[in-house]
$ cat structure.pdb   # PDB, N, CA and C atoms
ATOM      1  N   MET C   1       0.824  -1.191   0.000
ATOM      2  CA  MET C   1       0.000   0.000   0.000
ATOM      3  C   MET C   1       0.869   1.257   0.000
ATOM      4  N   HIS C   2       2.050   1.119  -0.526
ATOM      5  CA  HIS C   2       2.980   2.251  -0.574
ATOM      6  C   HIS C   2       2.444   3.402  -1.416
ATOM      7  N   GLU C   3       1.545   3.126  -2.326
ATOM      8  CA  GLU C   3       1.003   4.201  -3.176
ATOM      9  C   GLU C   3       0.214   5.231  -2.372
ATOM     10  N   ALA C   4      -0.208   4.888  -1.158
ATOM     11  CA  ALA C   4      -0.959   5.829  -0.316
ATOM     12  C   ALA C   4      -0.033   6.723   0.515
ATOM     13  N   TRP C   5       1.242   6.374   0.589
ATOM     14  CA  TRP C   5       2.182   7.158   1.386
ATOM     15  C   TRP C   5       2.333   8.557   0.805
ATOM     16  N   GLY C   6       2.386   9.541   1.675
ATOM     17  CA  GLY C   6       2.599  10.914   1.247
ATOM     18  C   GLY C   6       1.357  11.611   0.727
ATOM     19  N   GLN C   7       0.215  10.975   0.813
ATOM     20  CA  GLN C   7      -1.029  11.561   0.307
ATOM     21  C   GLN C   7      -1.793  12.344   1.378
ATOM     22  N   GLY C   8      -1.338  12.265   2.635
ATOM     23  CA  GLY C   8      -2.000  13.001   3.703
ATOM     24  C   GLY C   8      -3.121  12.254   4.399
ATOM     25  N   PHE C   9      -3.332  10.996   4.044
ATOM     26  CA  PHE C   9      -4.433  10.242   4.638
ATOM     27  C   PHE C   9      -4.236  10.031   6.139
ATOM     28  N   ALA C  10      -3.018   9.710   6.560
ATOM     29  CA  ALA C  10      -2.751   9.486   7.983
ATOM     30  C   ALA C  10      -2.978  10.762   8.783
ATOM     31  N   THR C  11      -2.522  11.887   8.257
ATOM     32  CA  THR C  11      -2.703  13.164   8.949
ATOM     33  C   THR C  11      -4.177  13.527   9.044
ATOM     34  N   GLU C  12      -4.911  13.344   7.957
ATOM     35  CA  GLU C  12      -6.353  13.632   7.989
ATOM     36  C   GLU C  12      -7.068  12.745   8.998
ATOM     37  N   GLY C  13      -6.735  11.469   9.009
ATOM     38  CA  GLY C  13      -7.367  10.540   9.952
ATOM     39  C   GLY C  13      -7.022  10.864  11.387
ATOM     40  N   ALA C  14      -5.754  11.133  11.658
ATOM     41  CA  ALA C  14      -5.331  11.452  13.018
ATOM     42  C   ALA C  14      -5.956  12.756  13.502
ATOM     43  N   THR C  15      -6.031  13.750  12.632
ATOM     44  CA  THR C  15      -6.635  15.029  12.996
ATOM     45  C   THR C  15      -8.107  14.852  13.339
ATOM     46  N   GLU C  16      -8.804  14.052  12.571
ATOM     47  CA  GLU C  16     -10.219  13.802  12.848
ATOM     48  C   GLU C  16     -10.393  13.014  14.137
ATOM     49  N   LEU C  17      -9.515  12.087  14.417
ATOM     50  CA  LEU C  17      -9.605  11.337  15.672
ATOM     51  C   LEU C  17      -9.372  12.238  16.885
ATOM     52  N   VAL C  18      -8.454  13.172  16.778
ATOM     53  CA  VAL C  18      -8.224  14.124  17.864
ATOM     54  C   VAL C  18      -9.473  14.990  18.060
ATOM     55  N   ARG C  19     -10.035  15.483  16.972
ATOM     56  CA  ARG C  19     -11.257  16.279  17.062
ATOM     57  C   ARG C  19     -12.382  15.467  17.690
ATOM     58  N   TYR C  20     -12.558  14.250  17.236
ATOM     59  CA  TYR C  20     -13.604  13.366  17.757
ATOM     60  C   TYR C  20     -13.407  13.113  19.255
ATOM     61  N   GLY C  21     -12.186  12.863  19.654
ATOM     62  CA  GLY C  21     -11.906  12.620  21.063
ATOM     63  C   GLY C  21     -12.273  13.802  21.942
ATOM     64  N   PHE C  22     -11.874  14.995  21.522
ATOM     65  CA  PHE C  22     -12.158  16.190  22.319
ATOM     66  C   PHE C  22     -13.618  16.629  22.197
ATOM     67  N   ASP C  23     -14.118  16.736  20.988
ATOM     68  CA  ASP C  23     -15.448  17.309  20.766
ATOM     69  C   ASP C  23     -16.600  16.340  21.015
ATOM     70  N   ASP C  24     -16.471  15.124  20.551
ATOM     71  CA  ASP C  24     -17.584  14.175  20.653
ATOM     72  C   ASP C  24     -17.512  13.311  21.915
ATOM     73  N   LEU C  25     -16.320  12.878  22.275
ATOM     74  CA  LEU C  25     -16.185  12.018  23.452
ATOM     75  C   LEU C  25     -15.934  12.799  24.733
ATOM     76  N   GLY C  26     -15.433  14.012  24.601
ATOM     77  CA  GLY C  26     -15.189  14.850  25.761
ATOM     78  C   GLY C  26     -13.971  14.471  26.593
ATOM     79  N   VAL C  27     -13.013  13.781  25.990
ATOM     80  CA  VAL C  27     -11.806  13.436  26.748
ATOM     81  C   VAL C  27     -10.963  14.684  26.975
ATOM     82  N   ASP C  28     -10.143  14.661  28.010
ATOM     83  CA  ASP C  28      -9.312  15.811  28.349
ATOM     84  C   ASP C  28      -7.881  15.689  27.835
ATOM     85  N   ARG C  29      -7.477  14.460  27.506
ATOM     86  CA  ARG C  29      -6.093  14.235  27.090
ATOM     87  C   ARG C  29      -6.060  13.117  26.059
ATOM     88  N   ILE C  30      -5.267  13.323  25.028
ATOM     89  CA  ILE C  30      -5.054  12.310  24.002
ATOM     90  C   ILE C  30      -3.560  12.076  23.901
ATOM     91  N   ILE C  31      -3.167  10.809  23.877
ATOM     92  CA  ILE C  31      -1.743  10.487  23.750
ATOM     93  C   ILE C  31      -1.517   9.611  22.525
ATOM     94  N   GLY C  32      -0.314   9.668  22.027
ATOM     95  CA  GLY C  32       0.122   8.801  20.951
ATOM     96  C   GLY C  32       1.550   8.384  21.236
ATOM     97  N   VAL C  33       1.918   7.197  20.825
ATOM     98  CA  VAL C  33       3.296   6.733  20.999
ATOM     99  C   VAL C  33       3.805   6.206  19.664
ATOM    100  N   THR C  34       5.097   6.382  19.440
ATOM    101  CA  THR C  34       5.730   5.873  18.228
ATOM    102  C   THR C  34       7.063   5.248  18.599
ATOM    103  N   HIS C  35       7.551   4.433  17.703
ATOM    104  CA  HIS C  35       8.931   3.968  17.817
ATOM    105  C   HIS C  35       9.807   5.207  17.645
ATOM    106  N   PRO C  36      10.891   5.322  18.394
ATOM    107  CA  PRO C  36      11.710   6.545  18.307
ATOM    108  C   PRO C  36      12.258   6.848  16.917
ATOM    109  N   ASP C  37      12.395   5.850  16.076
ATOM    110  CA  ASP C  37      12.925   6.067  14.724
ATOM    111  C   ASP C  37      11.848   6.360  13.687
ATOM    112  N   ASN C  38      10.578   6.301  14.074
ATOM    113  CA  ASN C  38       9.490   6.468  13.111
ATOM    114  C   ASN C  38       9.132   7.954  12.959
ATOM    115  N   ARG C  39       9.957   8.660  12.226
ATOM    116  CA  ARG C  39       9.784  10.105  12.046
ATOM    117  C   ARG C  39       8.484  10.454  11.314
ATOM    118  N   ALA C  40       8.071   9.616  10.371
ATOM    119  CA  ALA C  40       6.848   9.901   9.612
ATOM    120  C   ALA C  40       5.631   9.912  10.544
ATOM    121  N   SER C  41       5.517   8.926  11.406
ATOM    122  CA  SER C  41       4.389   8.889  12.348
ATOM    123  C   SER C  41       4.469  10.031  13.344
ATOM    124  N   GLN C  42       5.649  10.400  13.743
ATOM    125  CA  GLN C  42       5.808  11.532  14.663
ATOM    126  C   GLN C  42       5.331  12.820  14.011
ATOM    127  N   ARG C  43       5.642  13.011  12.742
ATOM    128  CA  ARG C  43       5.167  14.201  12.015
ATOM    129  C   ARG C  43       3.643  14.202  11.929
ATOM    130  N   VAL C  44       3.057  13.039  11.676
ATOM    131  CA  VAL C  44       1.600  12.940  11.609
ATOM    132  C   VAL C  44       0.988  13.367  12.941
ATOM    133  N   LEU C  45       1.502  12.856  14.040
ATOM    134  CA  LEU C  45       0.957  13.214  15.354
ATOM    135  C   LEU C  45       1.100  14.704  15.635
ATOM    136  N   MET C  46       2.240  15.278  15.276
ATOM    137  CA  MET C  46       2.430  16.712  15.516
ATOM    138  C   MET C  46       1.505  17.548  14.630
ATOM    139  N   LYS C  47       1.307  17.144  13.380
ATOM    140  CA  LYS C  47       0.377  17.857  12.508
ATOM    141  C   LYS C  47      -1.056  17.752  13.020
ATOM    142  N   ALA C  48      -1.363  16.664  13.733
ATOM    143  CA  ALA C  48      -2.707  16.466  14.287
ATOM    144  C   ALA C  48      -2.895  17.209  15.604
ATOM    145  N   GLY C  49      -1.858  17.903  16.073
ATOM    146  CA  GLY C  49      -1.993  18.726  17.265
ATOM    147  C   GLY C  49      -1.386  18.166  18.532
ATOM    148  N   LEU C  50      -0.692  17.052  18.461
ATOM    149  CA  LEU C  50      -0.044  16.496  19.637
ATOM    150  C   LEU C  50       1.360  17.059  19.743
ATOM    151  N   ALA C  51       1.822  17.251  20.963
ATOM    152  CA  ALA C  51       3.161  17.790  21.209
ATOM    153  C   ALA C  51       4.088  16.681  21.689
ATOM    154  N   ASP C  52       5.329  16.765  21.289
ATOM    155  CA  ASP C  52       6.343  15.799  21.710
ATOM    156  C   ASP C  52       6.578  15.946  23.210
ATOM    157  N   ALA C  53       6.392  14.851  23.954
ATOM    158  CA  ALA C  53       6.563  14.876  25.405
ATOM    159  C   ALA C  53       7.725  14.001  25.854
ATOM    160  N   GLY C  54       8.613  13.660  24.942
ATOM    161  CA  GLY C  54       9.789  12.878  25.305
ATOM    162  C   GLY C  54       9.553  11.378  25.201
ATOM    163  N   PHE C  55      10.230  10.642  26.064
ATOM    164  CA  PHE C  55      10.176   9.191  26.012
ATOM    165  C   PHE C  55       9.372   8.624  27.168
ATOM    166  N   VAL C  56       8.813   7.444  26.950
ATOM    167  CA  VAL C  56       8.107   6.708  27.999
ATOM    168  C   VAL C  56       8.876   5.430  28.288
ATOM    169  N   ARG C  57       8.418   4.712  29.289
ATOM    170  CA  ARG C  57       9.110   3.489  29.684
ATOM    171  C   ARG C  57       9.203   2.504  28.524
ATOM    172  N   ARG C  58       9.945   1.503  28.737
ATOM    173  CA  ARG C  58      10.164   0.494  27.698
ATOM    174  C   ARG C  58       8.922  -0.363  27.480
ATOM    175  N   TYR C  59       8.680  -0.682  26.232
ATOM    176  CA  TYR C  59       7.585  -1.556  25.827
ATOM    177  C   TYR C  59       8.201  -2.598  24.921
ATOM    178  N   TYR C  60       8.211  -3.841  25.338
ATOM    179  CA  TYR C  60       8.909  -4.908  24.633
ATOM    180  C   TYR C  60      10.361  -4.525  24.370
ATOM    181  N   GLY C  61      10.982  -3.908  25.357
ATOM    182  CA  GLY C  61      12.393  -3.568  25.269
ATOM    183  C   GLY C  61      12.720  -2.307  24.493
ATOM    184  N   VAL C  62      11.710  -1.584  24.007
ATOM    185  CA  VAL C  62      11.952  -0.365  23.224
ATOM    186  C   VAL C  62      11.401   0.842  23.974
ATOM    187  N   ARG C  63      12.220   1.875  24.094
ATOM    188  CA  ARG C  63      11.724   3.134  24.646
ATOM    189  C   ARG C  63      10.887   3.804  23.576
ATOM    190  N   LEU C  64       9.668   4.178  23.912
ATOM    191  CA  LEU C  64       8.762   4.778  22.935
ATOM    192  C   LEU C  64       8.719   6.288  23.087
ATOM    193  N   ARG C  65       8.461   6.959  21.979
ATOM    194  CA  ARG C  65       8.325   8.416  21.972
ATOM    195  C   ARG C  65       6.864   8.738  22.274
ATOM    196  N   LEU C  66       6.638   9.662  23.205
ATOM    197  CA  LEU C  66       5.288  10.027  23.662
ATOM    198  C   LEU C  66       4.892  11.379  23.093
ATOM    199  N   PHE C  67       3.641  11.478  22.630
ATOM    200  CA  PHE C  67       3.065  12.721  22.128
ATOM    201  C   PHE C  67       1.743  12.936  22.848
ATOM    202  N   VAL C  68       1.443  14.195  23.204
ATOM    203  CA  VAL C  68       0.269  14.488  24.028
ATOM    204  C   VAL C  68      -0.464  15.728  23.510
ATOM    205  N   ALA C  69      -1.787  15.672  23.561
ATOM    206  CA  ALA C  69      -2.638  16.857  23.318
ATOM    207  C   ALA C  69      -3.570  16.969  24.519
ATOM    208  N   GLU C  70      -3.710  18.177  25.051
ATOM    209  CA  GLU C  70      -4.580  18.435  26.197
ATOM    210  C   GLU C  70      -5.734  19.316  25.739
ATOM    211  N   ARG C  71      -6.905  19.047  26.317
ATOM    212  CA  ARG C  71      -8.065  19.885  26.033
ATOM    213  C   ARG C  71      -7.776  21.300  26.530
ATOM    214  N   MET C  72      -8.171  22.280  25.736
ATOM    215  CA  MET C  72      -7.943  23.678  26.130
ATOM    216  C   MET C  72      -9.143  24.226  26.840
TER     217      MET C  72
END

$ encode --input "structure.pdb" --output "structure tokens"
Amino acid sequence: MHEAWGQGFATEGATELVRYGFDDLGVDRIIGVTHPDNRASQRVLMKAGLADAGFVRRYYGVRLRLFVAERM
């Protein structure tokens, strides 16, 4: 499915999920985690409004990168 890469689908989906979480579900905080080397997913999360919050504990031996959005 490489033909879908770079088309903005992940960013559109992530942005809508953040909106849905805050507006429809009423959650106060949304988090996302990525493998530290997965720069593409990190860009998607940041474009969707999540901020880089550093690293979290190990998950299956890998330190994961944490991204967070808080309700305003």

$ resolve_selection --input "structure.pdb" --expression "the PyMOL selection byres (((chain C and resi 32 and name CA) around 6) and name CA)" --output "JSON, numbers by chain"
{"C": [31, 33, 66, 67]}

$ select_by_dssp --input "structure.pdb" --residues "chain C" --states "strand (DSSP E)" --output "PyMOL selection string"
chain C and resi 29-34+51-59+62-70

$ write_last_selection --input "structure.pdb" --atoms "N, CA and C atoms" --output "tab-separated table (two decimals), keeping the file's coordinate frame"
chain	number	residue	atom	x	y	z
C	29	ARG	N	-7.48	14.46	27.51
C	29	ARG	CA	-6.09	14.24	27.09
C	29	ARG	C	-6.06	13.12	26.06
C	30	ILE	N	-5.27	13.32	25.03
C	30	ILE	CA	-5.05	12.31	24.00
C	30	ILE	C	-3.56	12.08	23.90
C	31	ILE	N	-3.17	10.81	23.88
C	31	ILE	CA	-1.74	10.49	23.75
C	31	ILE	C	-1.52	9.61	22.52
C	32	GLY	N	-0.31	9.67	22.03
C	32	GLY	CA	0.12	8.80	20.95
C	32	GLY	C	1.55	8.38	21.24
C	33	VAL	N	1.92	7.20	20.82
C	33	VAL	CA	3.30	6.73	21.00
C	33	VAL	C	3.80	6.21	19.66
C	34	THR	N	5.10	6.38	19.44
C	34	THR	CA	5.73	5.87	18.23
C	34	THR	C	7.06	5.25	18.60
C	51	ALA	N	1.82	17.25	20.96
C	51	ALA	CA	3.16	17.79	21.21
C	51	ALA	C	4.09	16.68	21.69
C	52	ASP	N	5.33	16.76	21.29
C	52	ASP	CA	6.34	15.80	21.71
C	52	ASP	C	6.58	15.95	23.21
C	53	ALA	N	6.39	14.85	23.95
C	53	ALA	CA	6.56	14.88	25.40
C	53	ALA	C	7.72	14.00	25.85
C	54	GLY	N	8.61	13.66	24.94
C	54	GLY	CA	9.79	12.88	25.30
C	54	GLY	C	9.55	11.38	25.20
C	55	PHE	N	10.23	10.64	26.06
C	55	PHE	CA	10.18	9.19	26.01
C	55	PHE	C	9.37	8.62	27.17
C	56	VAL	N	8.81	7.44	26.95
C	56	VAL	CA	8.11	6.71	28.00
C	56	VAL	C	8.88	5.43	28.29
C	57	ARG	N	8.42	4.71	29.29
C	57	ARG	CA	9.11	3.49	29.68
C	57	ARG	C	9.20	2.50	28.52
C	58	ARG	N	9.94	1.50	28.74
C	58	ARG	CA	10.16	0.49	27.70
C	58	ARG	C	8.92	-0.36	27.48
C	59	TYR	N	8.68	-0.68	26.23
C	59	TYR	CA	7.58	-1.56	25.83
C	59	TYR	C	8.20	-2.60	24.92
C	62	VAL	N	11.71	-1.58	24.01
C	62	VAL	CA	11.95	-0.36	23.22
C	62	VAL	C	11.40	0.84	23.97
C	63	ARG	N	12.22	1.88	24.09
C	63	ARG	CA	11.72	3.13	24.65
C	63	ARG	C	10.89	3.80	23.58
C	64	LEU	N	9.67	4.18	23.91
C	64	LEU	CA	8.76	4.78	22.94
C	64	LEU	C	8.72	6.29	23.09
C	65	ARG	N	8.46	6.96	21.98
C	65	ARG	CA	8.32	8.42	21.97
C	65	ARG	C	6.86	8.74	22.27
C	66	LEU	N	6.64	9.66	23.20
C	66	LEU	CA	5.29	10.03	23.66
C	66	LEU	C	4.89	11.38	23.09
C	67	PHE	N	3.64	11.48	22.63
C	67	PHE	CA	3.06	12.72	22.13
C	67	PHE	C	1.74	12.94	22.85
C	68	VAL	N	1.44	14.20	23.20
C	68	VAL	CA	0.27	14.49	24.03
C	68	VAL	C	-0.46	15.73	23.51
C	69	ALA	N	-1.79	15.67	23.56
C	69	ALA	CA	-2.64	16.86	23.32
C	69	ALA	C	-3.57	16.97	24.52
C	70	GLU	N	-3.71	18.18	25.05
C	70	GLU	CA	-4.58	18.43	26.20
C	70	GLU	C	-5.73	19.32	25.74

$ resolve_selection --input "structure.pdb" --expression "the PyMOL selection byres ((chain C and resi 35-52) around 6)" --output "list in words"
Ala10, Thr11, Ala14, Thr15, Val33, Thr34, Ala53, Gly54, Arg63, Leu64, Arg65, Leu66, Phe67, Val68 and Ala69 of chain C

$ atom_distance --input "structure.pdb" --atom1 "CA of Asp23 in chain C" --atom2 "atom N of Glu70 in chain C"
12.5 Å

$ select_by_dssp --input "structure.pdb" --residues "chain C" --states "helix (DSSP H, G or I)" --output "list in words"
His2, Glu3, Ala4, Phe9, Ala10, Thr11, Glu12, Gly13, Ala14, Thr15, Glu16, Leu17, Val18, Arg19, Tyr20, Gly21, Phe22, Asp23, Asp24, Arg39, Ala40, Ser41, Gln42, Arg43, Val44, Leu45, Met46 and Lys47 of chain C

$ atom_distance --input "structure.pdb" --atom1 "CA of Asp28 in chain C" --atom2 "CA of Glu16 in chain C"
15.7 Å

$ atom_distance --input "structure.pdb" --atom1 "CA of Val56 in chain C" --atom2 "CA of Arg19 in chain C"
24.2 Å

$ axis_aligned_box --input "structure.pdb" --around "range 28-46 of chain C" --padding-each-side "4 Å" --output "JSON"
{"center_x": 1.4, "center_y": 10.8, "center_z": 19.0, "size_x": 31.1, "size_y": 21.6, "size_z": 26.7}
